[in-house]
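One file, coords19.cif, is given below (mmCIF, C-alpha atoms and all ligand atoms).
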data_my_file
loop_
_atom_site.group_PDB
_atom_site.id
_atom_site.type_symbol
_atom_site.label_atom_id
_atom_site.label_comp_id
_atom_site.auth_asym_id
_atom_site.auth_seq_id
_atom_site.Cartn_x
_atom_site.Cartn_y
_atom_site.Cartn_z
ATOM 1 C CA MET L 20 111.863 135.635 79.966
ATOM 2 C CA LEU L 21 115.339 137.277 79.928
ATOM 3 C CA PRO L 22 118.111 136.935 77.300
ATOM 4 C CA ALA L 23 120.114 133.769 78.024
ATOM 5 C CA GLU L 24 123.389 135.725 78.268
ATOM 6 C CA THR L 25 122.105 137.937 81.145
ATOM 7 C CA PRO L 26 124.503 137.516 84.126
ATOM 8 C CA VAL L 27 122.794 135.516 86.899
ATOM 9 C CA PRO L 28 123.048 138.220 89.641
ATOM 10 C CA LEU L 29 121.557 140.825 87.269
ATOM 11 C CA ALA L 30 118.803 138.417 86.179
ATOM 12 C CA LEU L 31 117.882 137.675 89.803
ATOM 13 C CA LEU L 32 117.838 141.396 90.603
ATOM 14 C CA ILE L 33 115.588 142.211 87.629
ATOM 15 C CA VAL L 34 113.160 139.345 88.295
ATOM 16 C CA SER L 35 113.004 140.065 92.058
ATOM 17 C CA CYS L 36 112.259 143.759 91.392
ATOM 18 C CA ALA L 37 109.600 142.844 88.826
ATOM 19 C CA VAL L 38 107.874 140.396 91.197
ATOM 20 C CA THR L 39 108.093 142.951 94.045
ATOM 21 C CA VAL L 40 106.239 145.450 91.857
ATOM 22 C CA ILE L 41 103.618 142.804 90.981
ATOM 23 C CA VAL L 42 103.114 141.870 94.679
ATOM 24 C CA ALA L 43 102.844 145.563 95.618
ATOM 25 C CA LEU L 44 100.315 146.251 92.835
ATOM 26 C CA ARG L 45 98.332 143.140 93.792
ATOM 27 C CA TYR L 46 98.170 144.421 97.389
ATOM 28 C CA LEU L 47 97.226 147.982 96.381
ATOM 29 C CA LEU L 48 94.569 146.764 93.962
ATOM 30 C CA THR L 49 92.989 144.153 96.270
ATOM 31 C CA SER L 50 93.077 146.317 99.414
ATOM 32 C CA GLY L 51 91.927 149.330 97.396
ATOM 33 C CA VAL L 52 88.929 147.466 95.943
ATOM 34 C CA PHE L 53 87.826 146.141 99.354
ATOM 35 C CA ALA L 54 88.411 149.562 100.980
ATOM 36 C CA MET L 55 86.081 151.049 98.350
ATOM 37 C CA ILE L 56 83.478 148.340 98.985
ATOM 38 C CA THR L 57 83.845 149.019 102.741
ATOM 39 C CA ALA L 58 83.159 152.724 102.176
ATOM 40 C CA ARG L 59 79.882 151.723 100.485
ATOM 41 C CA VAL L 60 78.618 148.984 102.801
ATOM 42 C CA ARG L 61 79.984 150.356 106.118
ATOM 43 C CA PRO L 62 80.285 154.128 105.564
ATOM 44 C CA GLY L 63 82.564 155.792 108.111
ATOM 45 C CA LEU L 64 84.154 152.551 109.366
ATOM 46 C CA TYR L 65 87.651 153.864 108.568
ATOM 47 C CA ALA L 66 86.875 157.516 109.465
ATOM 48 C CA GLY L 67 89.755 159.275 111.248
ATOM 49 C CA ARG L 68 92.117 156.352 110.563
ATOM 50 C CA GLY L 69 94.280 158.064 107.910
ATOM 51 C CA GLU L 70 97.434 157.899 110.025
ATOM 52 C CA GLN L 71 96.967 154.181 110.727
ATOM 53 C CA ILE L 72 96.298 153.426 107.051
ATOM 54 C CA GLY L 73 99.416 155.390 106.018
ATOM 55 C CA ARG L 74 101.502 153.267 108.422
ATOM 56 C CA GLU L 75 99.871 150.060 107.097
ATOM 57 C CA LEU L 76 100.712 151.081 103.528
ATOM 58 C CA ARG L 77 104.385 151.696 104.378
ATOM 59 C CA TRP L 78 104.857 148.351 106.201
ATOM 60 C CA SER L 79 102.915 146.504 103.487
ATOM 61 C CA LEU L 80 105.024 147.905 100.643
ATOM 62 C CA LEU L 81 108.177 146.879 102.526
ATOM 63 C CA SER L 82 106.646 143.399 102.928
ATOM 64 C CA ALA L 83 106.009 143.305 99.163
ATOM 65 C CA ALA L 84 109.801 143.431 98.596
ATOM 66 C CA ILE L 85 110.356 140.657 101.152
ATOM 67 C CA TYR L 86 107.756 138.496 99.381
ATOM 68 C CA GLY L 87 109.043 139.503 95.935
ATOM 69 C CA VAL L 88 112.680 138.391 96.312
ATOM 70 C CA PRO L 89 112.188 134.649 97.077
ATOM 71 C CA ALA L 90 109.238 134.494 94.665
ATOM 72 C CA GLY L 91 111.354 136.118 91.938
ATOM 73 C CA ILE L 92 114.238 133.682 92.462
ATOM 74 C CA VAL L 93 111.847 130.714 92.276
ATOM 75 C CA LEU L 94 110.157 132.096 89.164
ATOM 76 C CA TRP L 95 113.526 132.553 87.469
ATOM 77 C CA GLY L 96 114.656 129.052 88.488
ATOM 78 C CA TRP L 97 111.423 127.556 87.156
ATOM 79 C CA ARG L 98 111.565 129.311 83.780
ATOM 80 C CA HIS L 99 115.301 128.982 83.130
ATOM 81 C CA HIS L 100 116.395 125.810 84.924
ATOM 82 C CA ASP L 101 113.227 123.822 85.575
ATOM 83 C CA TRP L 102 114.241 123.793 89.239
ATOM 84 C CA THR L 103 110.822 123.455 90.806
ATOM 85 C CA LEU L 104 107.943 120.957 90.751
ATOM 86 C CA ILE L 105 105.642 123.541 89.124
ATOM 87 C CA THR L 106 104.212 122.315 85.829
ATOM 88 C CA ALA L 107 102.250 123.978 83.033
ATOM 89 C CA ASP L 108 101.127 120.581 81.659
ATOM 90 C CA TRP L 109 97.716 119.454 82.978
ATOM 91 C CA ALA L 110 98.419 115.839 82.001
ATOM 92 C CA ALA L 111 101.632 115.718 84.051
ATOM 93 C CA LEU L 112 99.581 115.119 87.212
ATOM 94 C CA PRO L 113 96.403 113.062 87.843
ATOM 95 C CA TRP L 114 93.177 115.094 87.462
ATOM 96 C CA TRP L 115 92.102 114.461 91.076
ATOM 97 C CA TYR L 116 95.425 115.742 92.341
ATOM 98 C CA HIS L 117 94.905 119.315 91.059
ATOM 99 C CA PRO L 118 92.277 120.401 93.659
ATOM 100 C CA PHE L 119 94.065 118.268 96.268
ATOM 101 C CA SER L 120 97.319 120.196 95.659
ATOM 102 C CA VAL L 121 95.488 123.452 96.449
ATOM 103 C CA LEU L 122 94.341 121.970 99.786
ATOM 104 C CA ILE L 123 97.863 120.747 100.592
ATOM 105 C CA TYR L 124 99.344 124.203 99.945
ATOM 106 C CA LEU L 125 96.655 125.961 101.988
ATOM 107 C CA PHE L 126 96.990 123.466 104.860
ATOM 108 C CA VAL L 127 100.800 123.772 105.005
ATOM 109 C CA GLN L 128 100.581 127.589 104.828
ATOM 110 C CA ASP L 129 97.968 127.517 107.581
ATOM 111 C CA THR L 130 100.099 125.210 109.755
ATOM 112 C CA CYS L 131 103.246 127.343 109.346
ATOM 113 C CA PHE L 132 101.251 130.490 110.054
ATOM 114 C CA TYR L 133 99.536 129.073 113.157
ATOM 115 C CA TRP L 134 102.776 127.991 114.853
ATOM 116 C CA SER L 135 104.904 130.985 113.826
ATOM 117 C CA HIS L 136 102.030 133.256 114.901
ATOM 118 C CA ARG L 137 101.817 131.598 118.340
ATOM 119 C CA TRP L 138 105.580 131.905 118.653
ATOM 120 C CA MET L 139 105.362 135.622 117.817
ATOM 121 C CA HIS L 140 102.863 136.103 120.640
ATOM 122 C CA ARG L 141 105.559 135.264 123.188
ATOM 123 C CA PRO L 142 106.321 138.616 124.888
ATOM 124 C CA LYS L 143 109.872 139.014 123.574
ATOM 125 C CA TRP L 144 109.025 138.140 119.955
ATOM 126 C CA PHE L 145 105.781 140.075 120.090
ATOM 127 C CA ARG L 146 107.751 143.247 120.880
ATOM 128 C CA ILE L 147 110.366 142.536 118.214
ATOM 129 C CA ALA L 148 108.337 141.109 115.348
ATOM 130 C CA HIS L 149 104.569 141.142 115.755
ATOM 131 C CA ALA L 150 103.612 144.409 117.511
ATOM 132 C CA VAL L 151 103.631 146.143 114.114
ATOM 133 C CA HIS L 152 100.702 144.031 112.896
ATOM 134 C CA HIS L 153 98.734 144.609 116.127
ATOM 135 C CA GLN L 154 99.260 148.383 115.973
ATOM 136 C CA SER L 155 96.203 148.244 113.727
ATOM 137 C CA ARG L 156 93.408 148.450 116.303
ATOM 138 C CA PRO L 157 91.049 147.569 114.771
ATOM 139 C CA PRO L 158 92.542 146.447 111.443
ATOM 140 C CA THR L 159 91.437 147.708 108.017
ATOM 141 C CA ALA L 160 91.518 146.395 104.442
ATOM 142 C CA TRP L 161 95.042 147.884 104.266
ATOM 143 C CA THR L 162 96.375 145.771 107.200
ATOM 144 C CA ALA L 163 96.736 142.598 105.092
ATOM 145 C CA MET L 164 100.515 142.869 104.584
ATOM 146 C CA SER L 165 101.323 145.237 107.457
ATOM 147 C CA PHE L 166 104.092 143.142 108.997
ATOM 148 C CA HIS L 167 107.500 143.748 110.552
ATOM 149 C CA PRO L 168 110.190 142.380 108.155
ATOM 150 C CA ILE L 169 110.851 139.390 110.469
ATOM 151 C CA GLU L 170 107.187 138.391 110.323
ATOM 152 C CA ALA L 171 107.108 139.038 106.576
ATOM 153 C CA VAL L 172 110.011 136.591 106.080
ATOM 154 C CA THR L 173 108.145 133.817 107.948
ATOM 155 C CA GLY L 174 105.237 134.224 105.517
ATOM 156 C CA ALA L 175 107.279 134.855 102.370
ATOM 157 C CA VAL L 176 109.294 131.618 102.344
ATOM 158 C CA VAL L 177 106.511 129.037 102.692
ATOM 159 C CA VAL L 178 105.243 128.824 99.095
ATOM 160 C CA PRO L 179 108.741 129.239 97.533
ATOM 161 C CA VAL L 180 109.890 126.220 99.604
ATOM 162 C CA LEU L 181 106.728 124.196 98.899
ATOM 163 C CA VAL L 182 107.151 124.421 95.124
ATOM 164 C CA PHE L 183 110.342 122.348 95.500
ATOM 165 C CA LEU L 184 108.544 119.667 97.535
ATOM 166 C CA VAL L 185 104.922 119.385 96.368
ATOM 167 C CA PRO L 186 104.077 119.247 92.640
ATOM 168 C CA ILE L 187 101.491 121.783 91.487
ATOM 169 C CA HIS L 188 100.070 123.091 88.224
ATOM 170 C CA ILE L 189 100.769 126.782 87.672
ATOM 171 C CA SER L 190 96.991 127.523 87.553
ATOM 172 C CA MET L 191 96.431 125.804 90.921
ATOM 173 C CA LEU L 192 99.289 127.873 92.328
ATOM 174 C CA GLY L 193 97.446 130.923 90.987
ATOM 175 C CA ILE L 194 94.353 129.828 92.954
ATOM 176 C CA VAL L 195 96.433 129.421 96.143
ATOM 177 C CA LEU L 196 97.908 132.920 95.753
ATOM 178 C CA THR L 197 94.464 134.388 94.993
ATOM 179 C CA VAL L 198 92.955 132.787 98.122
ATOM 180 C CA ALA L 199 95.916 134.072 100.181
ATOM 181 C CA THR L 200 95.511 137.612 98.824
ATOM 182 C CA VAL L 201 91.726 137.891 99.086
ATOM 183 C CA MET L 202 91.442 136.248 102.528
ATOM 184 C CA GLY L 203 94.405 138.293 103.843
ATOM 185 C CA VAL L 204 92.573 141.489 102.930
ATOM 186 C CA THR L 205 88.987 140.523 103.771
ATOM 187 C CA ASN L 206 89.860 138.939 107.146
ATOM 188 C CA HIS L 207 91.127 142.367 108.261
ATOM 189 C CA MET L 208 88.586 144.711 106.712
ATOM 190 C CA GLY L 209 86.374 144.964 109.805
ATOM 191 C CA TRP L 210 83.126 143.430 108.559
ATOM 192 C CA GLU L 211 81.846 140.031 107.429
ATOM 193 C CA MET L 212 81.307 139.664 103.672
ATOM 194 C CA PHE L 213 80.197 136.024 103.782
ATOM 195 C CA PRO L 214 76.497 135.304 104.438
ATOM 196 C CA ARG L 215 75.218 133.624 107.593
ATOM 197 C CA TRP L 216 74.552 130.349 105.711
ATOM 198 C CA ILE L 217 78.278 130.015 104.963
ATOM 199 C CA VAL L 218 79.886 131.398 108.153
ATOM 200 C CA HIS L 219 77.582 129.411 110.443
ATOM 201 C CA SER L 220 77.294 126.232 108.391
ATOM 202 C CA PRO L 221 79.041 123.004 109.502
ATOM 203 C CA LEU L 222 81.798 123.712 106.927
ATOM 204 C CA GLY L 223 81.967 127.405 107.864
ATOM 205 C CA HIS L 224 82.756 126.439 111.453
ATOM 206 C CA TRP L 225 86.124 125.161 110.225
ATOM 207 C CA LEU L 226 86.942 128.192 108.052
ATOM 208 C CA ILE L 227 88.443 131.536 109.047
ATOM 209 C CA THR L 228 86.758 134.695 107.859
ATOM 210 C CA ALA L 229 86.731 138.272 109.208
ATOM 211 C CA SER L 230 84.459 137.319 112.144
ATOM 212 C CA HIS L 231 87.151 134.934 113.428
ATOM 213 C CA HIS L 232 90.349 136.910 112.760
ATOM 214 C CA GLU L 233 88.892 140.136 114.167
ATOM 215 C CA ARG L 234 88.542 138.276 117.494
ATOM 216 C CA HIS L 235 92.320 137.687 117.386
ATOM 217 C CA HIS L 236 92.883 141.428 116.986
ATOM 218 C CA GLU L 237 90.519 142.074 119.934
ATOM 219 C CA ASP L 238 91.785 139.451 122.409
ATOM 220 C CA TYR L 239 95.318 138.585 121.146
ATOM 221 C CA GLN L 240 95.820 135.162 122.839
ATOM 222 C CA CYS L 241 93.380 133.196 120.696
ATOM 223 C CA ASN L 242 92.369 132.481 117.074
ATOM 224 C CA PHE L 243 95.895 132.219 115.644
ATOM 225 C CA GLY L 244 94.983 130.424 112.372
ATOM 226 C CA LEU L 245 95.110 131.684 108.795
ATOM 227 C CA TYR L 246 92.509 129.814 106.685
ATOM 228 C CA PHE L 247 91.214 126.976 108.849
ATOM 229 C CA ARG L 248 90.186 126.627 112.506
ATOM 230 C CA LEU L 249 91.785 123.153 112.723
ATOM 231 C CA TRP L 250 94.878 124.021 114.751
ATOM 232 C CA ASP L 251 92.984 126.486 116.951
ATOM 233 C CA ARG L 252 90.405 123.788 117.771
ATOM 234 C CA TRP L 253 92.998 121.015 118.219
ATOM 235 C CA CYS L 254 95.115 123.211 120.532
ATOM 236 C CA GLY L 255 92.250 124.831 122.483
ATOM 237 C CA THR L 256 92.984 128.366 121.249
ATOM 238 C CA ASP L 257 89.710 128.917 119.368
ATOM 239 C CA LYS L 258 87.566 131.463 121.194
ATOM 240 C CA GLY L 259 84.805 131.850 118.597
ATOM 241 C CA LEU L 260 83.921 134.980 116.695
ATOM 242 C CA SER L 261 84.034 138.759 117.182
ATOM 243 C CA ARG L 262 80.823 139.899 118.909
ATOM 244 C CA ARG L 263 80.929 143.254 117.131
ATOM 245 C CA ILE L 264 81.276 141.780 113.645
ATOM 246 C CA VAL L 265 78.659 139.069 114.193
ATOM 247 C CA ALA L 266 76.200 141.641 115.597
ATOM 248 C CA GLU L 267 76.810 144.133 112.777
ATOM 249 C CA ALA L 268 76.418 141.366 110.186
ATOM 250 C CA GLY L 269 73.040 140.477 111.751
ATOM 251 C CA HIS L 270 74.153 136.880 112.283
ATOM 252 C CA GLY L 271 72.641 136.680 115.809
ATOM 253 C CA GLU L 272 74.044 136.516 119.359
ATOM 254 C CA GLN L 273 74.126 132.695 119.478
ATOM 255 C CA ALA L 274 76.402 132.630 116.458
ATOM 256 C CA VAL L 275 79.299 134.235 118.398
ATOM 257 C CA LEU L 276 79.841 131.117 120.471
ATOM 258 C CA SER L 277 80.055 128.700 117.558
HETATM 259 ZN ZN ZN S 301 95.810 140.029 111.525
HETATM 260 ZN ZN ZN S 302 98.761 138.153 116.318
#
Go through the file and emit its structure as structure tokens.
Ligand SMILES: [Zn+2]
Ligand SMILES: [Zn+2]
Amino acid sequence: MLPAETPVPLALLIVSCAVTVIVALRYLLTSGVFAMITARVRPGLYAGRGEQIGRELRWSLLSAAIYGVPAGIVLWGWRHHDWTLITADWAALPWWYHPFSVLIYLFVQDTCFYWSHRWMHRPKWFRIAHAVHHQSRPPTAWTAMSFHPIEAVTGAVVVPVLVFLVPIHISMLGIVLTVATVMGVTNHMGWEMFPRWIVHSPLGHWLITASHHERHHEDYQCNFGLYFRLWDRWCGTDKGLSRRIVAEAGHGEQAVLS
């Protein structure tokens, strides 16, 4: 990736900057695409919100650097020193383990997010670290990475630590990062993109989509999860779905409670 004689501090700087740019472009592209889709399917939803979106962009691009540095160090360590448990060889792990590894990564991310998120809703830490994210009222497709640097650090370290503990194929890691990116954007964009037969199916009742996370941005002290409703249900913090989003999606009044 870099010439072998490159001094380590310079190599880490170059790789961290490169990954920061990739994370920033990934955010701009994904949020931009879903903002364009929003303008088509919910015209006027973001009208008059230019100032909020500008603020979300600034915080998100700062977050991209905070995500880029640990990811860059891990990438460099993987390519040059084989430090991590990431593999590019499909046969290095059993076939059944590949989808299972995706679930492990998502579950651990979800668990870390749930508990750090609840912690950041304590009054002192909310003021210091989490108020930035809740300044978006209601959120938009650009809110996905709009975090205070302290909150960004809590999210940025999870996968870089996991790759030292839980083996994963590089393609499965790509799926994890794609799910994280797409769900981070779509859960904030202010409308439900999944059909009723998914959101209100037995499986859908355990998954977090925009209908669920919007309720967190409306009521604050509930619905703290990231991908799954497991911890919210186990800990009694699940308050169901956003009435506005469910109504606008045409999913029916009864659906809010489930
Ligand atoms: Zn949020
Ligand atoms: Zn919150």
Do you have, as a tab-separated table, the list of residues of chain L lying at most 10 Å from ligand ZN 302 (chain S), each with its nearest atom pair and that distance in Å to one decimal, counting only C-alpha atoms and all ligand atoms and ordered by chain then number?
residue	atom	partner	partner_atom	distance
L:Tyr133	CA	S:ZN302	ZN	9.6
L:Ser135	CA	S:ZN302	ZN	9.8
L:His136	CA	S:ZN302	ZN	6.1
L:Arg137	CA	S:ZN302	ZN	7.5
L:Trp138	CA	S:ZN302	ZN	9.5
L:Met139	CA	S:ZN302	ZN	7.2
L:His140	CA	S:ZN302	ZN	6.3
L:Phe145	CA	S:ZN302	ZN	8.2
L:His149	CA	S:ZN302	ZN	6.6
L:Ala150	CA	S:ZN302	ZN	8.0
L:Val151	CA	S:ZN302	ZN	9.6
L:His152	CA	S:ZN302	ZN	7.1
L:His153	CA	S:ZN302	ZN	6.5
L:His232	CA	S:ZN302	ZN	9.2
L:His235	CA	S:ZN302	ZN	6.5
L:His236	CA	S:ZN302	ZN	6.8
L:Glu237	CA	S:ZN302	ZN	9.8
L:Asp238	CA	S:ZN302	ZN	9.4
L:Tyr239	CA	S:ZN302	ZN	5.9
L:Gln240	CA	S:ZN302	ZN	7.8
L:Cys241	CA	S:ZN302	ZN	8.5
L:Asn242	CA	S:ZN302	ZN	8.6
L:Phe243	CA	S:ZN302	ZN	6.6
L:Gly244	CA	S:ZN302	ZN	9.5
| said: Need to verify the contact set: L:Phe126, 10 Å, all atoms listed in the file, exclusion of same-chain residues closer than 3 positions in sequence. Can you return it as an NGL selection string? | reply: :L and (120-123 or 129-132 or 245-247 or 249)
Using only C-alpha atoms, please write the residues we just selected to a file, as a PDB file, in the frame of the given file.
ATOM      1  CA  SER L 120      97.319 120.196  95.659  1.00  0.00           C
ATOM      2  CA  VAL L 121      95.488 123.452  96.449  1.00  0.00           C
ATOM      3  CA  LEU L 122      94.341 121.970  99.786  1.00  0.00           C
ATOM      4  CA  ILE L 123      97.863 120.747 100.592  1.00  0.00           C
ATOM      5  CA  ASP L 129      97.968 127.517 107.581  1.00  0.00           C
ATOM      6  CA  THR L 130     100.099 125.210 109.755  1.00  0.00           C
ATOM      7  CA  CYS L 131     103.246 127.343 109.346  1.00  0.00           C
ATOM      8  CA  PHE L 132     101.251 130.490 110.054  1.00  0.00           C
ATOM      9  CA  LEU L 245      95.110 131.684 108.795  1.00  0.00           C
ATOM     10  CA  TYR L 246      92.509 129.814 106.685  1.00  0.00           C
ATOM     11  CA  PHE L 247      91.214 126.976 108.849  1.00  0.00           C
ATOM     12  CA  LEU L 249      91.785 123.153 112.723  1.00  0.00           C
TER      13      LEU L 249
END
List as an mmCIF file with C-alpha atoms, in the frame of the given file the protein and nucleic acid residues near L:Val204, meaning an atom at most 9 Å away when only C-alpha atoms are counted, but skip any in the same chain fewer than 5 places from it.
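What landed in out.cif:
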data_model
loop_
_atom_site.group_PDB
_atom_site.id
_atom_site.type_symbol
_atom_site.label_atom_id
_atom_site.label_comp_id
_atom_site.auth_asym_id
_atom_site.auth_seq_id
_atom_site.Cartn_x
_atom_site.Cartn_y
_atom_site.Cartn_z
ATOM 1 C CA TYR L 46 98.170 144.421 97.389
ATOM 2 C CA THR L 49 92.989 144.153 96.270
ATOM 3 C CA SER L 50 93.077 146.317 99.414
ATOM 4 C CA PHE L 53 87.826 146.141 99.354
ATOM 5 C CA THR L 159 91.437 147.708 108.017
ATOM 6 C CA ALA L 160 91.518 146.395 104.442
ATOM 7 C CA TRP L 161 95.042 147.884 104.266
ATOM 8 C CA THR L 162 96.375 145.771 107.200
ATOM 9 C CA ALA L 163 96.736 142.598 105.092
ATOM 10 C CA MET L 164 100.515 142.869 104.584
ATOM 11 C CA ALA L 199 95.916 134.072 100.181
#
| request: For the structure shown, which residues end up in the PyMOL selection byres (((chain L and resi 103-107) around 8) and not hetatm)? Put them as a VMD selection string, please? | output: chain L and resid 93 96 to 97 101 to 102 108 to 109 111 182 to 190
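Distance-wise, atom CA of L:Met191 and atom CA of L:Arg252 end up 27.6 Å apart.
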Exercise: stretch 70-83 of chain L partners within 12 Å, all atoms listed in the file, chain neighbours under 6 positions left out, as a CSV table (one decimal) with C-alpha atoms, in the frame of the given file:
chain,number,residue,atom,x,y,z
L,35,SER,CA,113.0,140.1,92.1
L,36,CYS,CA,112.3,143.8,91.4
L,37,ALA,CA,109.6,142.8,88.8
L,38,VAL,CA,107.9,140.4,91.2
L,39,THR,CA,108.1,143.0,94.0
L,40,VAL,CA,106.2,145.4,91.9
L,41,ILE,CA,103.6,142.8,91.0
L,42,VAL,CA,103.1,141.9,94.7
L,43,ALA,CA,102.8,145.6,95.6
L,44,LEU,CA,100.3,146.3,92.8
L,45,ARG,CA,98.3,143.1,93.8
L,46,TYR,CA,98.2,144.4,97.4
L,47,LEU,CA,97.2,148.0,96.4
L,50,SER,CA,93.1,146.3,99.4
L,51,GLY,CA,91.9,149.3,97.4
L,54,ALA,CA,88.4,149.6,101.0
L,89,PRO,CA,112.2,134.6,97.1
L,90,ALA,CA,109.2,134.5,94.7
L,91,GLY,CA,111.4,136.1,91.9
L,149,HIS,CA,104.6,141.1,115.8
L,151,VAL,CA,103.6,146.1,114.1
L,152,HIS,CA,100.7,144.0,112.9
L,153,HIS,CA,98.7,144.6,116.1
L,154,GLN,CA,99.3,148.4,116.0
L,155,SER,CA,96.2,148.2,113.7
L,156,ARG,CA,93.4,148.4,116.3
L,157,PRO,CA,91.0,147.6,114.8
L,158,PRO,CA,92.5,146.4,111.4
L,159,THR,CA,91.4,147.7,108.0
L,160,ALA,CA,91.5,146.4,104.4
L,161,TRP,CA,95.0,147.9,104.3
L,162,THR,CA,96.4,145.8,107.2
L,163,ALA,CA,96.7,142.6,105.1
L,164,MET,CA,100.5,142.9,104.6
L,165,SER,CA,101.3,145.2,107.5
L,166,PHE,CA,104.1,143.1,109.0
L,167,HIS,CA,107.5,143.7,110.6
L,168,PRO,CA,110.2,142.4,108.2
L,169,ILE,CA,110.9,139.4,110.5
L,170,GLU,CA,107.2,138.4,110.3
L,171,ALA,CA,107.1,139.0,106.6
L,172,VAL,CA,110.0,136.6,106.1
L,173,THR,CA,108.1,133.8,107.9
L,174,GLY,CA,105.2,134.2,105.5
L,175,ALA,CA,107.3,134.9,102.4
L,200,THR,CA,95.5,137.6,98.8
L,203,GLY,CA,94.4,138.3,103.8
L,204,VAL,CA,92.6,141.5,102.9
L,207,HIS,CA,91.1,142.4,108.3
L,208,MET,CA,88.6,144.7,106.7
| task | To one decimal in Å, tell me the separation between atom CA of L:His270 and atom CA of L:Arg215. | result |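 Atom CA of L:His270 sits 5.8 Å away from atom CA of L:Arg215.
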| Just how far from atom CA of L:Val265 is atom CA of L:Glu211, in Å to one decimal? |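 A separation of 7.5 Å between them.
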